[in-house]
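For reference, the structure discussed in these notes is given below.
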Amino acid sequence: MDTPGSGVAPSDHTSRPVAVIGAGVLGRRIALCWAAAAYRREASRPMGRVIAHTALDSAVRNVWHVIECVPEILQIKQEVFTRLETLVARDSILATNSSSYRSSLVVGDLGSATKCRALNTHYYMPPYVRAVELMTSGTTRREIFAYLAQRMEEVGLRPFVVRKESIGFIQNRVWAAIKREMAQAHYVQERKLPTEHTIDFLKREFIDKEKLGLNSKNGGFYPPKQGAVTGLRLFVCENGLSGQVDNLETGKVLEYSAAGQFQRTIFESQYLPDGIAVLKEEGVMFWTCMGFPGQDDGMVYSARLDGTNLRPLIALDERDATRWCVGITLSRRLGKFFWTQKGAAKGWQGRFFSANMVTPPGETFSNRTDKVCLLEGLAKPIDLDFHDESSNLYWTDRGEMPWGNMPNKLPLDDHGRAINDNHTPLLKHQILARKFHEAIGLKIDAQNQHVHVADLGSSICRCNLDGSEKTRLVFEEGRAWTGIALA
């Protein structure tokens with residue numbers, strides 16, 4: 001594996017820096033590992049620092065170790081190492097993080113004194129996988145591996161020394177061998193290998209039982225993720241006010257997966273988008289834009305879920321804030337719809353009401369007698385949804401702690417009247433969960449027994465219908481979420 005060379009291990013590595021060339025995702029992760037270790041190794045030392053450079057010569061001045069993480073283009077890597085040979089100290093260890101090219105190709109034109117200090121170091125992703133593979137260039141000195149492996153262990157990494165130069169990762173080769181024997185029937189049959197504990201076991205215990213992976217209903221090799229959901233789509237409004245605000249028409253309508261992965265931006269340049277609802281069967285969404293505060297320019301829009309057929313529907317023109325209707329939902333079982341009126345900002349004038357879906361005979365919207373106030377004296381109720389099976393009404397309230405800024409629920413009887421037992425002390429309803437940051441949007445996933453909540457503090461969370469097992473699905477610091485809908 002090794003060819004003897006000249007030179008000694010780097011001197012005084014505790015006072016010399018490590019350089020990472022390339023600041024992509026993996027490059028930043030590697031830099032963080034080494035910077036954090038500076039503090040962990042010696043409590044008396046200052047916290048490790050990461051300093052950004054745009055010039056290679058200043059970045060590698062007096063370093064004891066360089067890790068190259070530039071794009072996987074051989075010419076670029078070779079040019080970097082050619083320059084490094086003239087810039088770094090003669091005892092510096094040079095590493096490429098490439099898994100596509102052998103380090104012998106990267107350092108092929110360098111002098112022998114440099115080649116013997118060069119190798120591949122394969123770091124893994126995501127960050128909690130601490131394995132690092134050390135691979136020879138064919139001329140890497142034997143002492144380099146022992147020395148660098150010891151430094152990596154001090155950092156908290158788990159180094160593995162590869163005995164032969166190659167491309168790719170050890171893990172990929174081991175996993176490929178496992179898959180060949182576990183999943184490829186022809187491979188096993190050709191070699192007359194036993195199948196009782198491989199293919200037969202896999203089919204009997206996993207495939208036949210539909211245990212196909214962590215995100216499947218029945219899990220996979222491990223139990224399913226708590227509340228694993230497949231196929232669900234999250235549509236959310238983001239009002240654009242969490243960052244630099246030059247104008248108010250910077251809101252967005254976006255789509256995320258049920259697991260919280262960003263999918264796409266559907267609409268941009270929205271004027272303070274707020275509530276959103278989806279008709280999944282029709283493939284249509286509706287959302288509101290509040291418009292400029294104090295002006296009569298709020299709007300309601302609709303579009304197909306793919307972003308086509310955008311249409312303005314209703315312009316709002318009510319100036320009395322105490323009568324502004326914010327959230328709305330309905331119960332087909334009870335034959336009623338429910339809505340919130342927020343009142344002045346955190347002024348404890350908020351209320352929510354119910355009325356029959358069919359206006360009583362001989363009455364109109366202005367004189368109907370079936371309108372009922374279910375709760376009043378709320379800080380600022382916003383969005384709401386109804387769970388037909390349990391007959392519970394859920395809503396968000398932006399009031400101050402301890403009674404606001406969280407999702408709540410109120411049980412109703414079969415006539416749609418409030419049931420005020422089993423409520424939070426001093427209140428006429430139940431607080432569902434806490435520790436939200438300006439909770440706004442709320443939507444129930446009845447099939448999976450979940451409540452989704454979007455807040456202005458950059459989070460989209462999910463909990464069970466009883467408020468337990470709260471999970472943050474999305475956190476994006478540059479977002480201020482408002483409405484949310486599921487499809």
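The way I read the labels, and the way they are meant: chains A, B, ... in the order of the structure tokens, residue 1 as the first residue of every chain, and ligand 1 as the first ligand shown, with later ones counted on from there.
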
May I have the residues within 8 Å of stretch 51-58 of chain A as an MDAnalysis selection string, using only C-alpha atoms and disregarding those fewer than 2 positions away in the same chain? chainID A and resid 21 49 60:61 87

If you count only C-alpha atoms, which residues fall within 7 Å of A:Ser458, apart from same-chain ones fewer than 3 positions away, as an MDAnalysis selection string? chainID A and resid 455 475:481

Hey, what's within 10 Å of stretch 461-471 of chain A if we count only C-alpha atoms and toss same-chain stuff fewer than 5 positions away? As a ChimeraX atom specification, please? /A:226-227,258,260,387,390,392,394,407-409,430-436,439,442-446,448-455

How would the residues just chosen look if you wrote them out with C-alpha atoms as a compact mmCIF listing (two decimals), in the first residue's frame?
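The file below, selection.txt, is the result:
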# COMPACT_ATOMS: atom_id res chain seq x y z
CA GLN A 226 -44.01 8.03 14.18
CA GLY A 227 -46.94 9.28 12.15
CA ALA A 258 -45.70 15.45 4.33
CA GLY A 260 -41.39 18.63 5.37
CA HIS A 387 -62.81 17.13 13.12
CA SER A 390 -64.54 13.49 17.44
CA ASN A 392 -63.90 18.85 18.07
CA TYR A 394 -59.63 23.34 16.48
CA PRO A 407 -53.59 25.87 18.88
CA ASN A 408 -56.73 25.08 20.89
CA LYS A 409 -59.76 22.83 20.69
CA GLN A 430 -58.65 23.25 25.90
CA ILE A 431 -55.14 24.35 24.97
CA LEU A 432 -53.88 21.74 22.54
CA ALA A 433 -50.10 22.33 22.55
CA ARG A 434 -47.62 25.06 23.47
CA LYS A 435 -44.33 26.62 22.37
CA PHE A 436 -45.43 28.00 19.03
CA ALA A 439 -49.39 30.30 15.38
CA LEU A 442 -54.13 25.13 11.09
CA LYS A 443 -55.33 22.06 9.21
CA ILE A 444 -56.49 18.61 10.31
CA ASP A 445 -55.34 15.42 8.60
CA ALA A 446 -58.31 13.25 9.61
CA ASN A 448 -53.76 10.08 9.98
CA GLN A 449 -55.23 11.76 13.09
CA HIS A 450 -52.90 14.77 12.94
CA VAL A 451 -53.12 18.53 13.30
CA HIS A 452 -50.74 20.69 11.23
CA VAL A 453 -49.89 24.21 12.44
CA ALA A 454 -47.93 26.92 10.59
CA ASP A 455 -46.52 29.90 12.49

What's around A:Glu210 at 9 Å? Count only C-alpha atoms, leave out sequence neighbours fewer than 6 positions away in its own chain, and write the answer as an NGL selection string. :A and (216-220)

Give me the residues within 6 Å of stretch 325-334 of chain A as a VMD selection string, counting only C-alpha atoms and dropping any in the same chain fewer than 5 places off. chain A and resid 339 to 341 382 to 385

Print the selection's residues with C-alpha atoms to a file, as a PDB file, in the first residue's frame.
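File written: part.pdb
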ATOM      1  CA  TRP A 339     -65.783  31.193  11.438  1.00  0.00           C
ATOM      2  CA  THR A 340     -63.532  33.406  13.531  1.00  0.00           C
ATOM      3  CA  GLN A 341     -63.692  37.173  14.033  1.00  0.00           C
ATOM      4  CA  ILE A 382     -57.200  33.110  13.366  1.00  0.00           C
ATOM      5  CA  ASP A 383     -57.553  29.829  11.492  1.00  0.00           C
ATOM      6  CA  LEU A 384     -59.827  26.921  12.417  1.00  0.00           C
ATOM      7  CA  ASP A 385     -60.816  23.428  11.326  1.00  0.00           C
TER       8      ASP A 385
END

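Residues lying within 7 Å of A:Val155, counting only C-alpha atoms and ignoring same-chain neighbours fewer than 2 positions away, are Cys33, Trp34, Ala37, Arg151, Met152, Glu153 and Leu157 of chain A.
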
Restricting the output to C-alpha atoms, write the selected residues as an mmCIF file, in the first residue's frame.
data_model
loop_
_atom_site.group_PDB
_atom_site.id
_atom_site.type_symbol
_atom_site.label_atom_id
_atom_site.label_comp_id
_atom_site.auth_asym_id
_atom_site.auth_seq_id
_atom_site.Cartn_x
_atom_site.Cartn_y
_atom_site.Cartn_z
ATOM 1 C CA CYS A 33 -15.993 19.210 12.517
ATOM 2 C CA TRP A 34 -12.445 20.468 12.817
ATOM 3 C CA ALA A 37 -12.759 19.973 17.939
ATOM 4 C CA ARG A 151 -6.148 13.338 14.852
ATOM 5 C CA MET A 152 -9.555 12.378 13.438
ATOM 6 C CA GLU A 153 -10.410 10.335 16.510
ATOM 7 C CA LEU A 157 -14.649 11.041 13.742
#

Backbone DSSP call of helix (DSSP H, G or I) for stretch 41-240 of chain A, listed as a VMD selection string: chain A and resid 41 56 to 59 74 to 87 103 to 106 112 to 115 142 to 155 170 to 183 185 to 190 199 to 207

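Taking atom CA of A:Gln261 and atom CA of A:Ile460 as endpoints, the distance between them is 11.1 Å.
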
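Nearest to A:Glu68 of all the residues A:Leu119, A:Leu456, A:Val162, A:Ile178 is A:Leu119, based on only C-alpha atoms.
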
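Near A:Ile144, within 8 Å and counting only C-alpha atoms, sit Ala9, Ile93, Arg117, Thr140, Arg141, Tyr147 and Leu148 of chain A; same-chain residues fewer than 3 positions away were not included.
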
If you run DSSP on the backbone here, which positions in stretch 327-477 of chain A get strand (DSSP E)? Please write them as JSON, numbers by chain. {"A": [327, 328, 329, 330, 331, 336, 337, 338, 339, 340, 341, 350, 351, 352, 353, 354, 355, 356, 372, 373, 374, 375, 376, 377, 378, 381, 382, 383, 384, 385, 386, 387, 392, 393, 394, 395, 396, 397, 406, 407, 408, 409, 410, 411, 430, 431, 439, 440, 441, 442, 443, 444, 445, 450, 451, 452, 453, 454, 455, 459, 460, 461, 462, 463, 464, 471, 472, 473, 474, 475]}

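One distance worth recording is that between atom CA of A:Ala176 and atom CA of A:Arg29, which is 26.5 Å.
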
For A:His122, which of A:Asn239, A:Ser137, A:Asn97, A:Gln349 is the closest residue, counting only C-alpha atoms? A:Asn97

Grab the atom CA of A:Ala23 to atom CA of A:Ile67 distance for me, in Å with one decimal place. 11.0 Å
